[in-house]
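Chemist: Hey, dropping target.cif in here, mmCIF, C-alpha atoms:
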data_entry
loop_
_atom_site.label_atom_id
_atom_site.label_comp_id
_atom_site.auth_asym_id
_atom_site.auth_seq_id
_atom_site.Cartn_x
_atom_site.Cartn_y
_atom_site.Cartn_z
CA MET H 15 80.02 171.95 92.19
CA ALA H 16 82.64 169.59 93.64
CA GLU H 17 82.59 166.03 92.36
CA LEU H 18 80.00 163.75 93.97
CA PRO H 19 81.24 160.90 96.20
CA ASN H 20 81.92 157.55 94.54
CA CYS H 21 79.21 155.05 95.51
CA GLU H 22 78.81 151.30 95.08
CA THR H 23 75.24 150.98 96.40
CA LEU H 24 73.77 154.20 94.96
CA LEU H 25 73.24 155.66 91.50
CA LEU H 26 73.66 159.45 91.41
CA ASN H 27 72.43 161.81 88.71
CA LEU H 28 72.52 165.60 89.09
CA GLU H 29 70.14 167.42 86.75
CA ALA H 30 69.49 171.16 86.87
CA GLY H 31 69.96 171.48 90.62
CA VAL H 32 68.15 168.27 91.52
CA LEU H 33 70.16 165.25 92.71
CA HIS H 34 68.48 161.95 91.89
CA VAL H 35 69.68 159.24 94.30
CA THR H 36 68.68 155.67 93.46
CA LEU H 37 69.16 152.88 95.99
CA ASN H 38 70.84 150.29 93.79
CA ARG H 39 70.75 146.84 95.34
CA PRO H 40 67.87 145.40 93.29
CA ASP H 41 68.77 141.77 94.03
CA SER H 42 67.85 142.38 97.69
CA ARG H 43 64.98 144.81 96.95
CA ASN H 44 67.41 147.58 97.93
CA ALA H 45 67.83 146.33 101.49
CA MET H 46 69.66 148.90 103.61
CA SER H 47 73.23 147.72 104.20
CA LEU H 48 75.70 149.53 106.42
CA ALA H 49 77.64 150.48 103.28
CA MET H 50 74.50 152.08 101.83
CA VAL H 51 73.92 154.00 105.07
CA HIS H 52 77.48 155.36 104.96
CA GLU H 53 77.13 156.33 101.29
CA LEU H 54 73.80 158.07 101.82
CA ARG H 55 75.26 160.06 104.70
CA ALA H 56 78.31 161.01 102.63
CA VAL H 57 76.19 162.12 99.67
CA LEU H 58 73.87 164.16 101.87
CA ALA H 59 76.76 165.84 103.68
CA HIS H 60 78.29 166.73 100.31
CA VAL H 61 75.20 168.22 98.66
CA SER H 62 74.06 170.03 101.81
CA GLN H 63 77.10 172.28 101.37
CA GLN H 64 76.26 173.06 97.73
CA ASN H 65 74.09 176.13 97.15
CA ASP H 66 73.15 174.98 93.66
CA VAL H 67 71.44 171.74 94.74
CA ARG H 68 67.79 172.50 95.41
CA ALA H 69 66.29 169.06 95.98
CA LEU H 70 67.20 165.43 96.45
CA VAL H 71 64.98 162.74 94.91
CA LEU H 72 65.25 159.39 96.64
CA ARG H 73 63.98 156.20 94.97
CA GLY H 74 64.88 152.55 94.43
CA ALA H 75 66.05 150.46 91.48
CA GLY H 76 64.27 147.41 90.11
CA GLY H 77 60.72 148.37 91.03
CA HIS H 78 61.23 148.52 94.80
CA PHE H 79 62.05 151.38 97.15
CA CYS H 80 63.62 149.57 100.12
CA ALA H 81 62.71 146.31 101.83
CA GLY H 82 64.31 147.22 105.17
CA GLY H 83 67.59 146.32 106.84
CA ASP H 84 70.11 143.94 105.33
CA ILE H 85 69.86 140.56 107.06
CA LYS H 86 73.43 139.74 105.98
CA ASP H 87 74.71 142.77 107.87
CA MET H 88 72.77 141.62 110.92
CA ALA H 89 74.29 138.15 110.65
CA GLY H 90 77.75 139.67 110.43
CA ALA H 91 77.08 141.79 113.50
CA ARG H 92 75.95 138.72 115.45
CA ALA H 93 79.49 137.33 115.31
CA LYS H 94 80.84 140.58 116.78
CA GLY H 95 78.44 140.79 119.74
CA GLY H 96 75.99 143.35 121.09
CA ASP H 97 78.10 146.46 120.45
CA ALA H 98 78.12 145.77 116.71
CA TYR H 99 74.32 145.48 116.65
CA ARG H 100 73.95 148.73 118.54
CA GLU H 101 76.39 150.58 116.28
CA LEU H 102 74.74 149.20 113.13
CA ASN H 103 71.29 150.22 114.32
CA ARG H 104 72.33 153.66 115.55
CA ALA H 105 74.13 154.50 112.31
CA PHE H 106 70.84 154.12 110.48
CA GLY H 107 69.10 156.39 112.99
CA ALA H 108 71.81 159.01 112.59
CA MET H 109 71.23 158.95 108.83
CA LEU H 110 67.50 159.49 109.33
CA GLU H 111 68.23 162.45 111.62
CA GLU H 112 70.51 164.00 109.01
CA PHE H 113 67.99 163.57 106.20
CA GLN H 114 65.26 165.00 108.42
CA ARG H 115 67.35 168.13 108.97
CA ALA H 116 68.73 168.45 105.44
CA PRO H 117 68.53 172.06 104.20
CA LEU H 118 67.39 170.95 100.75
CA VAL H 119 63.99 169.47 99.84
CA VAL H 120 63.89 165.66 100.09
CA ILE H 121 61.41 163.97 97.76
CA ALA H 122 60.74 160.22 98.07
CA VAL H 123 59.37 158.29 95.10
CA LEU H 124 57.94 155.06 96.49
CA GLU H 125 57.38 151.88 94.51
CA GLY H 126 57.14 148.19 95.42
CA ALA H 127 58.41 147.29 98.89
CA VAL H 128 58.52 150.13 101.44
CA LEU H 129 59.25 148.10 104.55
CA GLY H 130 61.04 148.61 107.86
CA GLY H 131 63.97 150.92 107.24
CA GLY H 132 62.47 151.86 103.88
CA PHE H 133 59.32 152.91 105.74
CA GLY H 134 61.52 155.06 107.95
CA LEU H 135 63.13 156.71 104.93
CA ALA H 136 59.69 157.54 103.57
CA CYS H 137 58.84 159.20 106.89
CA ILE H 138 61.73 161.67 106.76
CA SER H 139 60.91 162.96 103.27
CA ASP H 140 59.48 166.43 102.82
CA ILE H 141 57.31 165.20 99.96
CA ALA H 142 56.38 161.56 99.33
CA ILE H 143 54.88 160.25 96.09
CA ALA H 144 53.69 156.65 96.10
CA ASP H 145 52.59 154.12 93.55
CA SER H 146 49.16 152.79 94.53
CA ALA H 147 50.51 149.22 94.42
CA CYS H 148 53.23 149.88 97.03
CA LYS H 149 53.56 147.42 99.88
CA PHE H 150 54.11 149.36 103.10
CA GLY H 151 54.72 147.75 106.47
CA LEU H 152 56.70 147.49 109.70
CA PRO H 153 57.62 143.78 109.83
CA GLU H 154 60.18 144.04 112.65
CA THR H 155 58.06 142.50 115.40
CA THR H 156 57.37 139.42 113.24
CA LEU H 157 61.15 138.88 113.28
CA GLY H 158 61.36 139.25 117.04
CA ILE H 159 63.02 142.68 116.87
CA LEU H 160 62.03 146.34 117.27
CA PRO H 161 61.59 149.19 114.76
CA ALA H 162 64.08 150.90 117.02
CA GLN H 163 65.46 153.81 115.03
CA ILE H 164 62.46 154.48 112.80
CA ALA H 165 59.84 154.51 115.58
CA PRO H 166 60.11 158.25 116.42
CA PHE H 167 59.91 159.22 112.76
CA VAL H 168 56.88 156.99 112.15
CA VAL H 169 55.09 158.51 115.15
CA LYS H 170 55.82 162.05 113.93
CA ARG H 171 54.55 161.16 110.48
CA VAL H 172 51.30 159.28 111.13
CA GLY H 173 50.61 159.92 114.83
CA LEU H 174 51.01 157.72 117.89
CA THR H 175 47.74 155.82 117.64
CA GLN H 176 48.30 154.73 114.03
CA ALA H 177 51.97 153.99 114.67
CA ARG H 178 50.98 151.66 117.51
CA ARG H 179 48.56 149.78 115.29
CA LEU H 180 51.03 149.44 112.41
CA ALA H 181 54.02 148.43 114.54
CA LEU H 182 52.18 146.03 116.85
CA THR H 183 50.38 144.16 114.07
CA ALA H 184 53.00 144.43 111.28
CA ALA H 185 50.05 145.26 109.02
CA ARG H 186 50.72 145.57 105.29
CA PHE H 187 48.96 148.27 103.28
CA ASN H 188 49.09 149.95 99.87
CA GLY H 189 49.68 153.46 98.57
CA GLU H 190 46.05 154.49 98.89
CA GLU H 191 46.05 153.62 102.59
CA ALA H 192 49.39 155.43 102.98
CA LEU H 193 47.75 158.53 101.52
CA ARG H 194 44.82 158.23 103.93
CA LEU H 195 47.23 157.93 106.87
CA GLY H 196 49.18 161.01 105.81
CA LEU H 197 52.33 158.96 105.27
CA VAL H 198 52.50 160.12 101.64
CA HIS H 199 51.23 163.24 99.93
CA TYR H 200 50.33 161.78 96.53
CA CYS H 201 49.28 158.35 95.31
CA GLU H 202 49.43 157.58 91.58
CA SER H 203 48.04 154.55 89.77
CA ASN H 204 50.64 154.14 87.02
CA ASP H 205 54.27 154.95 86.11
CA SER H 206 53.36 157.80 83.81
CA ASP H 207 51.32 159.61 86.44
CA LEU H 208 54.05 158.98 89.03
CA GLU H 209 56.70 160.59 86.83
CA GLN H 210 54.39 163.48 85.96
CA ARG H 211 53.72 164.14 89.63
CA LEU H 212 57.44 164.10 90.35
CA ALA H 213 58.12 166.57 87.54
CA GLU H 214 55.37 168.90 88.79
CA THR H 215 56.70 168.70 92.34
CA ILE H 216 60.23 169.57 91.24
CA GLU H 217 58.93 172.56 89.29
CA GLN H 218 57.05 173.76 92.37
CA VAL H 219 60.22 173.48 94.47
CA ARG H 220 62.15 175.48 91.87
CA LYS H 221 59.75 178.41 92.35
CA CYS H 222 60.85 178.68 95.98
CA ALA H 223 64.03 180.50 97.00
CA PRO H 224 66.60 177.92 98.20
CA HIS H 225 67.80 179.77 101.32
CA ALA H 226 64.24 180.68 102.30
CA ASN H 227 63.25 177.02 101.87
CA ALA H 228 66.12 175.84 104.07
CA LEU H 229 65.25 178.29 106.86
CA THR H 230 61.53 177.50 106.58
CA LYS H 231 62.13 173.76 106.83
CA ALA H 232 64.25 174.22 109.95
CA LEU H 233 61.62 176.54 111.46
CA LEU H 234 58.84 174.02 110.86
CA LEU H 235 60.84 171.21 112.45
CA ASP H 236 61.71 173.40 115.44
CA THR H 237 58.01 173.89 116.24
CA GLU H 238 58.08 170.39 117.70
CA GLN H 239 60.72 171.09 120.33
CA GLU H 240 61.26 174.81 120.93
CA ALA H 241 59.21 177.00 123.25
CA LEU H 242 56.74 179.11 121.28
CA SER H 243 57.85 182.53 122.51
CA SER H 244 61.54 182.00 121.77
CA LEU H 245 60.68 180.39 118.43
CA LEU H 246 58.60 183.41 117.38
CA ASP H 247 61.32 185.82 118.53
CA ARG H 248 63.90 184.02 116.41
CA ALA H 249 61.49 183.76 113.47
CA ALA H 250 60.94 187.54 113.56
CA GLU H 251 64.70 188.11 113.35
CA GLN H 252 64.99 185.68 110.46
CA PHE H 253 62.07 187.34 108.68
CA ALA H 254 63.63 190.79 108.98
CA ALA H 255 66.95 189.49 107.67
CA ALA H 256 65.21 187.71 104.78
CA VAL H 257 63.23 190.77 103.69
CA THR H 258 66.40 192.82 103.29
CA GLY H 259 68.56 189.93 102.10
CA PRO H 260 69.35 189.07 98.46
CA GLU H 261 66.49 186.57 98.06
CA GLY H 262 63.94 188.91 99.65
CA VAL H 263 65.00 191.81 97.45
CA GLU H 264 64.95 189.68 94.31
CA GLY H 265 61.63 188.05 95.19
CA THR H 266 59.81 191.32 95.85
CA MET H 267 61.30 192.98 92.75
CA ALA H 268 60.26 190.00 90.62
CA PHE H 269 56.72 190.27 92.00
CA VAL H 270 56.50 194.00 91.29
CA GLN H 271 57.97 193.56 87.81
CA LYS H 272 55.69 190.59 87.12
CA ARG H 273 58.51 188.24 86.20
CA ALA H 274 59.92 184.99 87.52
CA ALA H 275 62.54 185.28 90.25
CA LYS H 276 66.09 184.33 89.26
CA TRP H 277 65.97 180.99 91.11
CA ALA H 278 62.80 180.00 89.22
CA GLN H 279 64.19 180.67 85.75
#
Rewrite the structure from the file as structure tokens, please.
Modeler:
Amino acid sequence: MAELPNCETLLLNLEAGVLHVTLNRPDSRNAMSLAMVHELRAVLAHVSQQNDVRALVLRGAGGHFCAGGDIKDMAGARAKGGDAYRELNRAFGAMLEEFQRAPLVVIAVLEGAVLGGGFGLACISDIAIADSACKFGLPETTLGILPAQIAPFVVKRVGLTQARRLALTAARFNGEEALRLGLVHYCESNDSDLEQRLAETIEQVRKCAPHANALTKALLLDTEQEALSSLLDRAAEQFAAAVTGPEGVEGTMAFVQKRAAKWAQ
């Protein structure tokens, strides 16, 4: 695999086909700066082209996931006028779009503050694991601003009626409530259980063929915007190609021979 991008705001660790990405601005509770946005996009673009990277684990340093946007970046944009604000905000939205569509599995490990932009990052993960003591919330309206780029992703994740309540009251809630809302898939009460759940999740992902996973993720996302008939036509073509392709052949042979497929070994 080609060398990973150099990053100042992220810690990167590639282990057995899983890239662990840690937001590393603990002094600001990993607030999302424009530099961090650019680095996340660069890392994702890099690993999305690598067939040997199966999953990306996203978490934060210092006991917090992400406390939202960087106020210092906003202050800097103020001096440059409205265009700078718009470009800063839209860059974050573009990053969310790219993570949403990433061909690999995105796993979010959520601890401490999961606010604003951090909340949005949680919403684009394929699998989210939260500490029960997390502090989730959309505080934008208390600052006189909008959750502009994350709003569509929040609605897709928890539904319009809950998104309206959360955004229009800036309500804070914990990991157990996040589980009830469907924002996260697992809620663990201590560090040991959190790490165990992450390890189990990674092992489950490894049992799945990487190309089949990428196509399946894209298919699931397309159900929200493509007409059903054309979607099913395309899915049938993809299925036929998969059955006779290298992963389909290996998967069916492994099943018949009662052994693990090559990608799961």
Chemist: Do you know which residues are at most 9 Å from H:Val71 counting only C-alpha atoms, after dropping those on the same chain fewer than 4 positions away, and could you put them as a list in words?
Modeler: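 Answer for this query is Val32, Leu33, His34, Val35, Thr36, Val119, Val120, Ile121, Ala122, Val123 and Leu212 of chain H.
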Chemist: Could you check how far atom CA of H:Ala108 sits from atom CA of H:Phe79, in Å to one decimal?
Modeler: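 Taking atom CA of H:Ala108 and atom CA of H:Phe79, their separation equals 19.8 Å.
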Chemist: Which one is closest to H:Gln218: H:Ala49, H:Met109, H:Ala59, H:Ile141? Count only C-alpha atoms.
Modeler: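 Smallest distance to H:Gln218 is found for H:Ile141.
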Chemist: Counting only C-alpha atoms, which residue out of H:Leu18, H:Leu152, H:Ala213, H:Ala249 sits closest to H:Leu129?
Modeler: H:Leu152
Chemist: Applied to this file, what does the PyMOL selection byres ((chain H and resi 225) around 10) return in terms of residues, put as a list in words?
Modeler: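 Selection result, ordered by chain and number: Asn65, Arg68, Pro117, Leu118, Cys222, Ala223, Pro224, Ala226, Asn227, Ala228, Leu229, Thr230, Lys231, Ala256, Pro260 and Glu261 of chain H.
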Chemist: For a test of reading the model, state the distance in Å between atom CA of H:Val57 and atom CA of H:Ile164, rounded to one decimal.
Modeler: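 Calculated distance between atom CA of H:Val57 and atom CA of H:Ile164 is 20.5 Å.
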Chemist: Dig up all the protein and nucleic acid residues within 12 Å of (77.5, 167.3, 102.5) in the file frame, using only C-alpha atoms, and format them as an mmCIF file with C-alpha atoms, keeping the file's coordinate frame.
Modeler:
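Listing of part-v6.cif after writing:
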data_model
loop_
_atom_site.group_PDB
_atom_site.id
_atom_site.type_symbol
_atom_site.label_atom_id
_atom_site.label_comp_id
_atom_site.auth_asym_id
_atom_site.auth_seq_id
_atom_site.Cartn_x
_atom_site.Cartn_y
_atom_site.Cartn_z
ATOM 1 C CA MET H 15 80.020 171.950 92.190
ATOM 2 C CA ALA H 16 82.640 169.590 93.640
ATOM 3 C CA GLU H 17 82.590 166.030 92.360
ATOM 4 C CA LEU H 18 80.000 163.750 93.970
ATOM 5 C CA PRO H 19 81.240 160.900 96.200
ATOM 6 C CA GLU H 53 77.130 156.330 101.290
ATOM 7 C CA LEU H 54 73.800 158.070 101.820
ATOM 8 C CA ARG H 55 75.260 160.060 104.700
ATOM 9 C CA ALA H 56 78.310 161.010 102.630
ATOM 10 C CA VAL H 57 76.190 162.120 99.670
ATOM 11 C CA LEU H 58 73.870 164.160 101.870
ATOM 12 C CA ALA H 59 76.760 165.840 103.680
ATOM 13 C CA HIS H 60 78.290 166.730 100.310
ATOM 14 C CA VAL H 61 75.200 168.220 98.660
ATOM 15 C CA SER H 62 74.060 170.030 101.810
ATOM 16 C CA GLN H 63 77.100 172.280 101.370
ATOM 17 C CA GLN H 64 76.260 173.060 97.730
ATOM 18 C CA ASN H 65 74.090 176.130 97.150
ATOM 19 C CA VAL H 67 71.440 171.740 94.740
ATOM 20 C CA GLU H 112 70.510 164.000 109.010
ATOM 21 C CA PHE H 113 67.990 163.570 106.200
ATOM 22 C CA ALA H 116 68.730 168.450 105.440
ATOM 23 C CA PRO H 117 68.530 172.060 104.200
ATOM 24 C CA LEU H 118 67.390 170.950 100.750
#
Chemist: Measure the distance from atom CA of H:Ala30 to atom CA of H:Ala144 in Å and round it to one decimal.
Modeler: 23.4 Å
Chemist: Using only C-alpha atoms, pick whichever of H:Ala192, H:Ala147, H:Met46, H:Ala81 has the shortest atom-to-atom distance to H:Asn204.
Modeler: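 For H:Asn204, the nearest of the given residues is H:Ala147.
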Chemist: Give the answer as one residue: which of H:Tyr99, H:Ile143, H:Gly131, H:Ala241 has the shortest atom-to-atom distance to H:Arg211, using all atoms listed in the file?
Modeler: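 Using all atoms listed in the file, the shortest distance to H:Arg211 belongs to H:Ile143.
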Chemist: What lies within 12 Å of H:Ala165 using all atoms listed in the file, ignoring chain neighbours under 6 positions off, as a list in words?
Modeler: Gly107, Leu110, Gly130, Gly131, Phe133, Gly134, Leu135, Cys137, Ile138, Leu152, Glu154, Arg171, Val172, Gly173, Leu174, Gln176, Ala177, Arg178, Leu180, Ala181 and Leu182 of chain H
Chemist: Which residue is closest to H:Leu37? Choose from H:Ala268, H:Leu233, H:Leu102, H:Leu124 and count all atoms listed in the file.
Modeler: H:Leu124
